[in-house]
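Colleague: Compact mmCIF, C-alpha atoms, saved as data36.txt, coming up:
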```txt
# COMPACT_ATOMS: atom_id res chain seq x y z
CA MET C 664 49.51 48.22 222.40
CA GLU C 665 50.57 47.29 218.89
CA ASN C 666 47.90 45.59 216.89
CA GLY C 667 49.69 44.45 213.78
CA MET C 668 48.97 40.75 213.76
CA LYS C 669 46.07 40.49 216.12
CA GLY C 670 42.61 39.50 215.03
CA ASN C 671 39.17 40.37 216.25
CA LEU C 672 36.85 38.35 218.41
CA THR C 673 33.10 38.70 218.03
CA ILE C 674 30.57 36.54 219.76
CA ASN C 675 26.95 37.07 218.72
CA GLY C 676 24.41 35.08 220.67
CA TYR C 677 25.56 32.21 222.82
CA GLY C 678 29.17 31.30 222.65
CA SER C 679 32.41 31.12 224.45
CA SER C 680 36.05 31.58 223.69
CA ASN C 681 39.37 31.42 225.39
CA GLY C 682 41.19 34.62 226.25
CA GLY C 683 44.29 35.97 224.60
CA HIS C 684 45.41 39.01 222.64
CA PHE C 685 43.00 40.65 220.24
CA ASN C 686 42.44 43.89 218.43
CA GLN C 687 38.68 44.20 218.93
CA VAL C 688 36.50 42.11 221.16
CA LYS C 689 32.72 42.37 220.93
CA LEU C 690 30.39 40.29 223.01
CA ASN C 691 26.82 40.71 221.78
CA GLY C 692 24.48 38.39 223.59
CA ARG C 693 25.77 35.88 226.05
CA GLY C 694 29.38 35.62 225.05
CA ILE C 695 31.81 34.27 227.57
CA VAL C 696 35.56 34.61 227.49
CA ASN C 697 37.45 32.17 229.67
CA GLY C 698 40.88 33.38 230.66
CA ASN C 699 42.74 36.67 230.64
CA LEU C 700 41.91 39.01 227.82
CA GLU C 701 44.06 41.72 226.32
CA CYS C 702 42.67 43.92 223.58
CA VAL C 703 42.54 47.41 222.14
CA LEU C 704 38.78 47.76 222.10
CA PHE C 705 36.34 45.87 224.28
CA GLU C 706 32.59 46.08 224.03
CA CYS C 707 30.05 44.05 225.85
CA ASN C 708 26.41 44.44 224.86
CA GLY C 709 24.19 41.91 226.52
CA SER C 710 25.15 39.73 229.39
CA GLY C 711 28.68 38.82 228.48
CA ALA C 712 31.36 37.82 230.91
CA VAL C 713 35.09 37.67 231.07
CA HIS C 714 36.40 35.06 233.47
CA GLY C 715 39.82 36.51 234.00
CA ASP C 716 41.65 39.82 233.99
CA LEU C 717 40.91 42.37 231.30
CA LYS C 718 43.56 44.66 229.88
CA VAL C 719 42.12 47.12 227.42
CA ASP C 720 42.71 50.51 225.83
CA ASN C 721 39.06 51.45 225.58
CA GLY C 722 36.43 49.31 227.16
CA LYS C 723 32.69 49.56 227.46
CA ILE C 724 30.04 47.49 229.16
CA SER C 725 26.55 48.42 228.05
CA GLY C 726 24.53 45.43 229.07
CA SER C 727 25.01 43.49 232.22
CA GLY C 728 28.61 42.56 231.66
CA LYS C 729 30.83 40.99 234.23
CA VAL C 730 34.54 40.85 234.59
CA LYS C 731 35.59 38.24 237.08
CA GLY C 732 39.03 39.61 237.63
CA ALA C 733 40.81 42.95 237.51
CA VAL C 734 40.55 45.64 234.84
CA GLU C 735 43.53 47.63 233.68
CA GLY C 736 43.67 50.13 230.86
CA ASN C 737 43.05 53.58 229.56
CA ASN C 738 39.34 54.42 229.40
CA PHE C 739 36.46 52.38 230.67
CA THR C 740 32.72 52.97 230.56
CA ILE C 741 29.95 51.12 232.32
CA GLU C 742 26.52 52.02 231.02
CA GLY C 743 24.38 49.14 232.07
CA HIS C 744 24.76 46.90 234.99
CA GLY C 745 28.44 46.15 234.98
CA SER C 746 30.48 44.53 237.64
CA VAL C 747 34.16 43.96 238.13
CA SER C 748 35.07 41.52 240.85
CA GLU C 749 38.52 42.95 241.58
CA GLY C 750 40.17 46.34 241.22
CA VAL C 751 40.03 48.76 238.31
CA SER C 752 43.08 50.79 237.44
CA LEU C 753 42.96 53.24 234.53
CA LEU C 754 45.32 55.82 233.14
CA ASN C 755 42.57 58.03 231.92
CA LYS C 756 38.85 58.11 232.53
CA MET C 757 36.20 56.00 234.21
CA ASN C 758 32.62 56.69 233.30
CA ILE C 759 29.82 55.07 235.20
CA SER C 760 26.31 55.80 234.11
CA GLY C 761 24.42 52.70 235.02
CA SER C 762 24.81 50.80 238.17
CA SER C 763 28.11 49.22 238.78
CA LYS C 764 29.92 47.23 241.37
CA ILE C 765 33.64 47.15 241.79
CA GLY C 766 35.05 44.57 244.15
CA GLY C 767 38.37 46.29 244.76
CA ASN C 768 40.02 49.68 244.37
CA LEU C 769 39.06 52.09 241.62
CA ARG C 770 41.90 54.21 240.29
CA ALA C 771 41.70 56.59 237.37
CA ASP C 772 42.72 60.07 236.35
CA GLU C 773 39.12 61.13 236.09
CA ILE C 774 36.02 59.46 237.49
CA GLN C 775 32.50 60.44 236.57
CA ILE C 776 29.48 58.81 238.14
CA LYS C 777 26.01 59.42 236.82
CA GLY C 778 24.24 56.36 238.10
CA LYS C 779 25.10 54.29 241.06
CA ALA C 780 28.51 53.01 241.94
CA THR C 781 29.52 50.64 244.67
CA ILE C 782 33.23 50.44 245.31
CA ALA C 783 34.44 47.94 247.88
CA THR C 784 37.60 49.70 249.00
CA ASP C 785 39.40 52.91 247.99
CA CYS C 786 38.54 55.25 245.13
CA GLU C 787 41.34 57.46 243.85
CA ALA C 788 41.40 60.03 241.07
CA GLU C 789 42.64 63.48 240.18
CA ASN C 790 39.10 64.61 239.43
CA PHE C 791 36.05 62.96 240.89
CA ARG C 792 32.57 63.99 239.88
CA SER C 793 29.32 62.40 240.87
CA ASP C 794 25.78 63.21 239.82
CA GLY C 795 24.41 60.07 241.29
CA GLN C 796 24.86 57.76 244.19
CA PHE C 797 27.96 56.09 245.47
CA ALA C 798 28.97 53.77 248.26
CA ILE C 799 32.68 53.67 248.86
CA GLY C 800 33.97 51.25 251.45
CA GLY C 801 37.31 52.97 251.92
CA LEU C 802 38.85 56.34 251.21
CA LEU C 803 37.66 58.63 248.45
CA SER C 804 40.70 60.67 247.51
CA ALA C 805 40.98 63.20 244.70
CA ASP C 806 42.34 66.65 244.03
CA HIS C 807 38.93 67.94 243.08
CA ILE C 808 35.83 66.28 244.38
CA ASP C 809 32.55 67.60 243.04
CA VAL C 810 29.44 65.83 244.22
CA ARG C 811 25.81 66.55 243.51
CA LEU C 812 23.78 64.37 245.78
CA TYR C 813 20.80 62.35 244.65
CA GLY C 814 19.64 59.93 247.28
CA GLU C 815 22.04 58.52 249.79
CA SER C 816 25.75 58.20 249.32
CA THR C 817 28.37 56.91 251.70
CA ALA C 818 32.13 56.76 252.04
CA ALA C 819 34.38 55.85 254.93
CA GLU C 820 36.64 58.85 254.45
CA ILE C 821 37.06 61.67 251.98
CA GLY C 822 40.29 63.53 251.39
CA GLY C 823 41.54 66.00 248.82
CA GLN C 824 42.20 69.57 247.90
CA THR C 825 38.82 71.03 247.01
CA ILE C 826 35.74 69.16 248.09
CA LYS C 827 32.29 70.38 247.08
CA ILE C 828 29.20 68.53 248.15
CA LYS C 829 25.90 69.95 246.92
CA GLY C 830 22.53 68.86 248.20
CA LYS C 831 19.40 69.03 246.10
CA LYS C 832 17.73 72.26 245.17
CA ARG C 833 15.38 73.59 247.74
CA GLY C 834 11.94 74.54 246.54
CA PHE C 835 8.27 73.90 246.84
CA PHE C 836 8.63 70.14 247.28
CA GLN C 837 10.54 70.68 250.46
CA LEU C 838 7.20 71.14 252.18
CA PHE C 839 6.68 67.40 252.11
CA LYS C 840 9.15 65.18 253.79
CA PRO C 841 10.84 63.37 250.98
CA PHE C 842 10.70 59.62 250.83
CA PHE C 843 14.33 59.27 249.92
CA GLN C 844 16.74 61.25 251.94
CA THR C 845 19.43 63.21 250.20
CA LYS C 846 22.46 62.69 252.33
CA LEU C 847 26.13 61.93 252.27
CA THR C 848 27.33 59.94 255.25
CA VAL C 849 31.02 59.81 255.96
CA SER C 850 33.15 59.56 259.07
CA VAL C 851 36.02 61.92 258.24
CA ILE C 852 36.40 64.65 255.61
CA GLU C 853 39.75 66.35 255.19
CA GLY C 854 40.67 68.94 252.59
CA ASP C 855 41.83 72.46 251.95
CA GLU C 856 38.72 74.08 250.52
CA LEU C 857 35.51 72.52 251.75
CA GLN C 858 31.95 73.35 250.81
CA LEU C 859 29.50 70.91 252.25
CA GLU C 860 25.74 70.53 252.08
CA SER C 861 23.50 67.71 253.29
CA THR C 862 26.45 65.94 254.79
CA LYS C 863 26.60 63.90 257.93
CA ALA C 864 30.11 63.52 259.29
CA GLU C 865 31.91 62.89 262.53
CA VAL C 866 34.95 65.05 261.86
CA VAL C 867 35.59 67.70 259.21
CA ARG C 868 39.08 69.14 259.00
CA GLY C 869 40.18 71.80 256.56
CA LYS C 870 41.68 75.16 255.82
CA ASN C 871 38.60 77.02 254.67
CA VAL C 872 35.46 75.26 255.76
CA ASN C 873 31.99 76.22 254.61
CA ILE C 874 29.16 74.21 256.14
CA GLY C 875 25.92 74.59 254.24
CA PRO C 876 22.30 73.62 254.94
CA ASP C 877 21.27 70.19 256.17
CA CYS C 878 24.64 69.24 257.54
CA GLU C 879 25.12 67.31 260.75
CA ILE C 880 28.68 67.46 261.92
CA ASP C 881 30.10 66.49 265.29
CA LEU C 882 33.39 68.35 265.08
CA VAL C 883 34.85 70.90 262.69
CA GLU C 884 38.53 71.79 262.88
CA TYR C 885 39.58 74.66 260.64
CA LYS C 886 42.75 76.58 259.98
CA GLU C 887 41.71 79.84 258.39
CA SER C 888 38.01 80.38 257.96
CA PHE C 889 34.79 78.78 259.05
CA LEU C 890 31.28 79.57 257.84
CA CYS C 891 28.17 77.83 258.99
CA ASP C 892 24.64 78.00 257.61
CA ASP C 893 21.72 78.51 259.99
CA ASP C 894 20.21 75.25 258.86
CA ALA C 895 23.25 73.19 259.76
CA LYS C 896 23.97 71.39 263.00
CA VAL C 897 27.57 71.61 264.09
CA ARG C 898 28.12 70.33 267.57
CA GLU C 899 31.60 71.67 268.09
CA PHE C 900 34.09 73.71 266.11
CA LYS C 901 37.55 74.99 266.81
CA LYS C 902 40.38 76.78 265.11
CA ILE C 903 43.69 74.98 265.06
CA MET V 408 65.02 54.06 265.14
CA SER V 409 62.49 55.79 267.33
CA ASN V 410 58.87 54.75 267.19
CA GLU V 411 57.53 58.18 267.87
CA LEU V 412 54.32 59.03 266.08
CA ILE V 413 53.11 62.34 264.77
CA SER V 414 49.48 63.19 264.12
CA LYS V 415 48.37 64.36 260.72
CA LYS V 416 47.48 67.79 262.06
CA ASP V 417 50.90 68.32 263.60
CA LEU V 418 52.57 67.01 260.50
CA LEU V 419 50.79 69.54 258.28
CA ASP V 420 51.62 72.32 260.72
CA LEU V 421 55.24 71.36 260.96
CA THR V 422 55.91 70.90 257.27
CA GLY V 423 53.50 73.50 255.92
CA ILE V 424 51.97 71.16 253.36
CA SER V 425 48.25 71.04 252.67
CA TYR V 426 45.73 68.23 252.89
CA GLY V 427 45.56 68.26 249.11
CA GLN V 428 49.28 67.64 248.78
CA LEU V 429 49.29 64.91 251.38
CA TYR V 430 46.46 63.03 249.71
CA ARG V 431 48.03 63.54 246.29
CA TRP V 432 51.31 62.11 247.48
CA LYS V 433 49.53 59.21 249.05
CA ARG V 434 47.75 58.49 245.78
CA LYS V 435 51.04 58.50 243.92
CA ASN V 436 52.49 56.17 246.53
CA LEU V 437 55.11 58.69 247.54
CA ILE V 438 54.07 58.03 251.10
CA PRO V 439 53.47 54.34 251.64
CA GLU V 440 50.09 53.12 252.79
CA GLU V 441 51.49 51.36 255.85
CA TRP V 442 52.71 54.65 257.31
CA PHE V 443 49.12 55.80 257.73
CA ILE V 444 48.32 54.52 261.18
CA ARG V 445 44.72 54.98 262.23
CA LYS V 446 43.89 55.44 265.85
CA SER V 447 40.79 56.53 267.62
CA THR V 448 41.23 59.49 269.89
CA PHE V 449 38.69 61.34 271.95
CA THR V 450 37.97 63.60 269.00
CA GLY V 451 37.28 60.67 266.73
CA GLN V 452 39.46 58.92 264.19
CA GLU V 453 42.85 60.40 263.60
CA THR V 454 45.75 59.35 261.45
CA PHE V 455 49.28 59.13 262.74
CA PHE V 456 52.62 58.65 261.02
CA PRO V 457 56.00 57.35 262.10
CA LYS V 458 57.54 60.74 262.79
CA GLU V 459 61.13 60.32 261.71
CA LYS V 460 60.36 58.45 258.51
CA VAL V 461 57.59 60.70 257.31
CA LEU V 462 59.48 63.92 258.00
CA GLU V 463 62.48 62.64 256.13
CA ARG V 464 60.29 61.54 253.22
CA ILE V 465 58.44 64.84 252.98
CA ASP V 466 61.72 66.69 253.11
CA LYS V 467 62.96 64.57 250.24
CA ILE V 468 59.82 65.11 248.19
CA GLN V 469 59.88 68.85 248.73
CA SER V 470 63.52 69.18 247.77
CA MET V 471 63.12 67.10 244.63
CA LYS V 472 59.73 68.10 243.35
CA GLU V 473 61.15 71.21 241.71
CA THR V 474 63.21 69.16 239.30
CA LEU V 475 61.20 65.96 238.99
CA SER V 476 57.56 65.29 238.25
CA LEU V 477 55.51 63.40 240.83
CA ASP V 478 55.53 60.30 238.67
CA GLU V 479 59.29 60.37 238.37
CA LEU V 480 59.54 60.83 242.09
CA ALA V 481 57.26 57.87 242.68
CA GLU V 482 59.51 55.82 240.43
CA LEU V 483 62.51 56.85 242.45
CA LEU V 484 60.96 56.16 245.82
CA SER V 485 59.16 52.93 245.10
CA PRO V 486 61.31 49.93 245.94
CA LEU V 487 60.46 47.66 243.06
CA SER V 488 60.43 49.93 240.08
CA ALA V 489 64.15 49.95 239.34
CA ALA V 490 64.08 46.29 238.43
CA GLY V 491 65.02 47.10 234.85
CA VAL V 492 68.33 48.77 235.66
CA GLU V 493 71.44 46.93 234.61
CA LEU V 494 74.96 48.22 234.96
CA SER V 495 78.29 46.82 233.87
CA LYS V 496 81.19 46.24 236.19
CA ASN V 497 83.17 49.14 234.77
CA GLU V 498 80.29 51.53 235.10
CA LEU V 499 79.81 50.59 238.72
CA LEU V 500 83.40 51.42 239.49
CA LYS V 501 83.57 54.48 237.33
CA ARG V 502 80.53 56.03 238.96
CA ASN V 503 81.77 55.17 242.42
CA ILE V 504 78.67 53.24 243.36
CA VAL V 505 80.66 50.48 244.99
CA THR V 506 84.35 49.95 245.68
CA ASN V 507 86.56 47.55 243.80
CA LYS V 508 87.24 45.53 246.93
CA SER V 509 83.59 44.63 247.54
CA LEU V 510 83.04 43.94 243.90
CA GLU V 511 85.95 41.50 243.87
CA LEU V 512 84.61 39.72 246.91
CA TYR V 513 81.21 39.45 245.31
CA VAL V 514 82.67 38.11 242.09
CA THR V 515 84.78 35.46 243.84
CA GLU V 516 81.74 34.29 245.77
CA ASN V 517 79.15 34.37 243.05
CA GLY V 518 81.15 33.90 239.91
CA MET V 519 82.05 36.38 237.22
CA THR V 520 79.32 38.42 235.62
CA GLU V 521 79.76 41.25 233.19
CA SER V 522 76.65 43.19 234.04
CA PHE V 523 74.69 43.54 237.23
CA PRO V 524 70.89 43.65 237.24
CA PHE V 525 69.29 45.53 240.10
CA ASP V 526 68.88 42.65 242.54
CA GLN V 527 72.55 41.72 242.30
CA LEU V 528 73.55 45.34 242.42
CA LEU V 529 71.67 45.66 245.67
CA LYS V 530 73.63 42.82 247.22
CA VAL V 531 76.95 44.34 246.23
CA PHE V 532 75.76 47.67 247.50
CA ILE V 533 74.80 46.34 250.92
CA LEU V 534 78.08 44.48 251.15
CA ASP V 535 80.01 47.54 250.17
CA LYS V 536 78.15 49.74 252.60
CA LEU V 537 78.99 47.52 255.53
CA LEU V 538 82.56 46.79 254.47
CA SER V 539 83.42 50.43 253.88
CA SER V 540 81.95 51.51 257.19
CA GLY V 541 84.18 48.96 258.92
CA ASP V 542 81.23 47.22 260.54
CA ILE V 543 82.10 43.82 259.16
CA SER V 544 85.18 41.87 258.16
CA LEU V 545 85.75 40.14 254.84
CA ASP V 546 84.75 36.78 256.33
CA GLU V 547 81.58 38.26 257.63
CA GLY V 548 81.01 39.75 254.23
CA ARG V 549 81.07 36.28 252.73
CA MET V 550 78.52 35.12 255.25
CA LEU V 551 76.36 38.11 254.46
CA LEU V 552 76.42 37.31 250.77
CA GLN V 553 75.33 33.77 251.51
CA VAL V 554 72.34 35.01 253.48
CA LEU V 555 71.42 37.47 250.75
CA LYS V 556 71.71 34.72 248.18
CA GLU V 557 69.25 32.57 250.13
CA ALA V 558 66.79 35.41 250.09
CA SER V 559 67.21 36.29 246.43
CA GLY V 560 64.02 37.00 244.64
CA THR V 561 62.16 38.16 247.70
CA LEU V 562 64.74 40.66 248.89
CA GLY V 563 63.28 44.08 249.44
CA GLN V 564 59.71 43.09 248.74
CA SER V 565 58.76 43.60 252.36
CA LYS V 566 60.19 45.05 255.51
CA HIS V 567 63.42 43.11 255.47
CA GLU V 568 66.08 44.00 257.95
CA LEU V 569 69.59 42.74 258.11
CA LEU V 570 71.08 41.93 261.50
CA LEU V 571 74.56 40.95 262.51
CA ILE V 572 74.98 39.58 266.00
CA ARG V 573 78.36 38.94 267.55
CA LYS V 574 79.12 36.81 270.58
CA LEU V 575 82.64 35.97 271.74
CA GLY V 576 84.00 36.91 268.36
CA VAL V 577 81.59 34.63 266.50
CA THR V 578 79.19 36.35 264.17
CA SER V 579 75.76 35.32 262.97
CA CYS V 580 73.99 37.03 260.15
CA LEU V 581 70.20 37.17 260.06
CA LEU V 582 67.66 38.50 257.65
CA VAL V 583 64.40 39.20 259.43
CA ASN V 584 61.06 40.26 258.06
CA GLY V 585 59.12 42.82 260.04
CA ALA V 586 60.56 42.43 263.54
CA GLU V 587 59.96 45.40 265.79
CA ASN V 588 62.12 44.70 268.79
CA ILE V 589 64.94 42.26 269.06
CA ILE V 590 66.28 41.25 272.43
CA VAL V 591 69.56 39.38 272.67
CA ASP V 592 71.34 37.87 275.64
CA GLN V 593 73.93 39.87 277.50
CA GLY V 594 76.99 38.34 275.92
CA SER V 595 75.75 39.09 272.42
CA LYS V 596 75.84 42.37 270.66
CA VAL V 597 73.86 43.51 267.66
CA THR V 598 76.59 45.10 265.56
CA VAL V 599 74.62 45.89 262.47
CA ARG V 600 70.97 46.62 261.96
CA LEU V 601 70.13 47.74 258.48
CA SER V 602 66.83 48.13 256.68
CA VAL V 603 66.95 46.71 253.18
CA MET V 604 64.35 49.22 252.02
CA SER V 605 66.50 52.18 252.99
CA CYS V 606 69.45 50.59 251.15
CA ILE V 607 67.30 50.33 248.04
CA GLU V 608 66.37 53.98 248.25
CA GLU V 609 69.94 55.00 248.84
CA LEU V 610 71.17 52.91 245.95
CA LYS V 611 68.58 54.40 243.66
CA THR V 612 69.54 57.94 244.43
CA ASN V 613 73.09 56.97 243.55
CA LEU V 614 72.17 55.42 240.21
```
Using the file provided, produce a representation of the structure as structure tokens.
Modeller:
Amino acid sequence: MENGMKGNLTINGYGSSNGGHFNQVKLNGRGIVNGNLECVLFECNGSGAVHGDLKVDNGKISGSGKVKGAVEGNNFTIEGHGSVSEGVSLLNKMNISGSSKIGGNLRADEIQIKGKATIATDCEAENFRSDGQFAIGGLLSADHIDVRLYGESTAAEIGGQTIKIKGKKRGFFQLFKPFFQTKLTVSVIEGDELQLESTKAEVVRGKNVNIGPDCEIDLVEYKESFLCDDDAKVREFKKI
Amino acid sequence: MSNELISKKDLLDLTGISYGQLYRWKRKNLIPEEWFIRKSTFTGQETFFPKEKVLERIDKIQSMKETLSLDELAELLSPLSAAGVELSKNELLKRNIVTNKSLELYVTENGMTESFPFDQLLKVFILDKLLSSGDISLDEGRMLLQVLKEASGTLGQSKHELLLIRKLGVTSCLLVNGAENIIVDQGSKVTVRLSVMSCIEELKTNL
């Protein structure tokens, strides 16, 4: 995006503006942008909203920002309570460290979740890493999926090359039944290298499958190797 | 075209690709979403593919991925991405994309243009393909162009198929969108059935 002639838009406190092309857009307070917005830098601190599509190089929502439309761009960060009503499609990185809701697909090169993410349909990336919770309504697909579970996460399907799901550390507190379950629930997992813990799935298919503690799996189909922890429940497994 | 399906497991076995590759190609849209057909079987959910199409596509990807990056491949295989291409009349002839005969017919029907953007190029290409194969006559070619002209703008955006039906020497030309089976009466014969999407792919590999 060239930014030769474009100005900046800053709304402090209450205020609203129409959309358009800008260099920097900052919404501090309750700023509202009506219409599609295209800018190089977007920052929303407070409870700002964009009523339209947002196209941005680097965007960040740190308050409870809303985009009522789709987001397209390079990098995007949600630190507070952000929501995007349609899909998000990024060339580079998506960072979610608060709680966020995405009403469509999420596509990025790299996705990192540290808080809680709700994605209505598919989630696609080259690298997907979660140290939090997620609820994905469709397929989670990435080359490398690295998940550390905290609480409950769900996805309809997971597919990729290497998939690592780690449950929480086992220690003294395991003596008490935890109030919140640590579990990933998914119907189908397919990948080449699979290492699963605390996962509940109907079907797991892969080349090298390693089922760790706390798993409940109805059927495992593997090509080369299959390992199963004593603490896991696998109803049926077969080599194909 | 056969409607035979192949399960994902069999597909991976047959082609020797991995889950990782399959999902990567799906993400890059090298394998279109609508080819992933979900069905429940007694072992749970499984995904199936139209066998012929997916095998051909994977073959294509594997043969070209040595020389092209995945993104370039996606560009090549996606139907709408070549919209920016524009070629002049001379270039078209010089590079043997279409024959002079079809080009002349197109020009007499649609008026003279110096350069051809992709959507027009596609029309000439389809015309040329059918004329050169001897499937249609010049008159039928004119009819075909008329049909394609009606559909301009939306051509190739979905599962368009071109049909030519002949009865007692009279031809009708139809452009249908997503029809699986077509049944005609006994006296009629479907002489041409052509998927617009496959024409687009073919044209692009020629460009």
Colleague: So which one's closest to Ser544 in chain V, V:Val461, V:Leu569, V:Val505, V:Val577? Using all atoms listed in the file, please.
Modeller: V:Val577
Colleague: Rounded to one decimal, what separation in Å do you get between CA of Ala586 in chain V and CA of Lys566 in chain V?
Modeller: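 CA of Lys566 in chain V lies at a distance of 8.5 Å from CA of Ala586 in chain V.
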Colleague: Between V:Phe456, V:Phe449, V:Phe532, V:Trp442, which residue has the minimum interatomic distance to chain C, considering only C-alpha atoms?
Modeller: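 Counting only C-alpha atoms, the residue closest to chain C is V:Phe449.
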Colleague: At most 10 Å is the cut-off: for each residue in chain C with any atom that close to an atom of chain V, write down the nearest atom pair and the distance in Å rounded to one decimal, counting all atoms listed in the file, chain first then increasing number, as a Markdown table.
Modeller:
```
| residue | atom | partner | partner_atom | distance |
| --- | --- | --- | --- | --- |
| C:Arg770 | CA | V:Arg434 | CA | 9.1 |
| C:Cys786 | CA | V:Arg434 | CA | 9.8 |
| C:Glu787 | CA | V:Arg434 | CA | 6.8 |
| C:Ala788 | CA | V:Arg434 | CA | 8.1 |
| C:Glu789 | CA | V:Arg431 | CA | 8.1 |
| C:Leu803 | CA | V:Tyr430 | CA | 9.9 |
| C:Ser804 | CA | V:Tyr430 | CA | 6.6 |
| C:Ala805 | CA | V:Arg431 | CA | 7.2 |
| C:Asp806 | CA | V:Gly427 | CA | 6.2 |
| C:His807 | CA | V:Gly427 | CA | 9.0 |
| C:Ile821 | CA | V:Tyr430 | CA | 9.8 |
| C:Gly822 | CA | V:Tyr430 | CA | 6.4 |
| C:Gly823 | CA | V:Gly427 | CA | 4.6 |
| C:Gln824 | CA | V:Gly427 | CA | 3.8 |
| C:Thr825 | CA | V:Gly427 | CA | 7.6 |
| C:Ile826 | CA | V:Gly427 | CA | 9.9 |
| C:Ser850 | CA | V:Gln452 | CA | 8.2 |
| C:Val851 | CA | V:Gln452 | CA | 7.5 |
| C:Glu853 | CA | V:Tyr426 | CA | 6.7 |
| C:Gly854 | CA | V:Tyr426 | CA | 5.1 |
| C:Asp855 | CA | V:Tyr426 | CA | 5.8 |
| C:Glu856 | CA | V:Gly427 | CA | 9.1 |
| C:Glu865 | CA | V:Gly451 | CA | 7.2 |
| C:Val866 | CA | V:Gly451 | CA | 7.0 |
| C:Arg868 | CA | V:Lys416 | CA | 9.0 |
| C:Gly869 | CA | V:Tyr426 | CA | 7.6 |
| C:Lys870 | CA | V:Ser425 | CA | 8.4 |
| C:Asp881 | CA | V:Thr450 | CA | 9.2 |
| C:Leu882 | CA | V:Thr450 | CA | 7.7 |
| C:Glu884 | CA | V:Lys416 | CA | 9.8 |
| C:Lys886 | CA | V:Asp420 | CA | 9.9 |
| C:Ile903 | CA | V:Lys416 | CA | 8.7 |
```
Colleague: Using only C-alpha atoms, find the one residue out of V:Leu462, V:Ile438, V:Pro457, V:Leu534 that sits nearest to Leu421 in chain V.
Modeller: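 Of V:Leu462, V:Ile438, V:Pro457, V:Leu534, the one nearest Leu421 in chain V, counting only C-alpha atoms, is V:Leu462.
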Colleague: For range 593-607 of chain V, take all atoms listed in the file, fit an axis-aligned box around them, add 5 Å to each of the six sides, then output centre and edge lengths in Å rounded to one decimal, as lines of an AutoDock Vina configuration file.
Modeller:
```
center_x = 70.7
center_y = 45.3
center_z = 262.8
size_x = 22.6
size_y = 23.8
size_z = 39.5
```
Colleague: May I ask which of the residues C:Ser816, C:Ser888, C:Asn699, C:Ser748 is the closest one to Gly800 in chain C, counting all atoms listed in the file?
Modeller: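 Looking only at the distances to Gly800 in chain C, the closest residue turns out to be C:Ser816.
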Colleague: CA of Asn613 in chain V and CA of Asp535 in chain V, how far apart in Å?
Modeller: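 Going from CA of Asp535 in chain V over to CA of Asn613 in chain V, I get 13.4 Å.
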Colleague: Distance CA of Val554 in chain V-CA of Leu528 in chain V, one decimal place?
Modeller: 15.2 Å
Colleague: If I only have part of range 671-682 of chain C, can you fill in N, CA and C atoms and write it as a compact mmCIF listing (two decimals), keeping the file's coordinate frame?
Modeller:
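Written output follows (result07.txt):
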```txt
# COMPACT_ATOMS: atom_id res chain seq x y z
N ASN C 671 40.31 39.93 215.46
CA ASN C 671 39.17 40.37 216.25
C ASN C 671 38.41 39.17 216.79
N LEU C 672 37.69 39.41 217.85
CA LEU C 672 36.85 38.35 218.41
C LEU C 672 35.44 38.91 218.55
N THR C 673 34.49 38.28 217.89
CA THR C 673 33.10 38.70 218.03
C THR C 673 32.27 37.49 218.39
N ILE C 674 31.50 37.62 219.43
CA ILE C 674 30.57 36.54 219.76
C ILE C 674 29.16 37.12 219.72
N ASN C 675 28.36 36.66 218.79
CA ASN C 675 26.95 37.07 218.72
C ASN C 675 26.10 35.92 219.22
N GLY C 676 25.23 36.16 220.13
CA GLY C 676 24.41 35.08 220.67
C GLY C 676 25.20 34.31 221.70
N TYR C 677 24.85 33.04 221.86
CA TYR C 677 25.56 32.21 222.82
C TYR C 677 26.92 31.83 222.26
N GLY C 678 27.88 31.75 223.12
CA GLY C 678 29.17 31.30 222.65
C GLY C 678 30.23 31.54 223.68
N SER C 679 31.32 30.84 223.53
CA SER C 679 32.41 31.12 224.45
C SER C 679 33.74 30.97 223.73
N SER C 680 34.73 31.61 224.30
CA SER C 680 36.05 31.58 223.69
C SER C 680 37.09 31.61 224.80
N ASN C 681 38.30 31.24 224.44
CA ASN C 681 39.37 31.42 225.39
C ASN C 681 39.89 32.85 225.28
N GLY C 682 40.63 33.27 226.25
CA GLY C 682 41.19 34.62 226.25
C GLY C 682 42.35 34.74 225.29
```
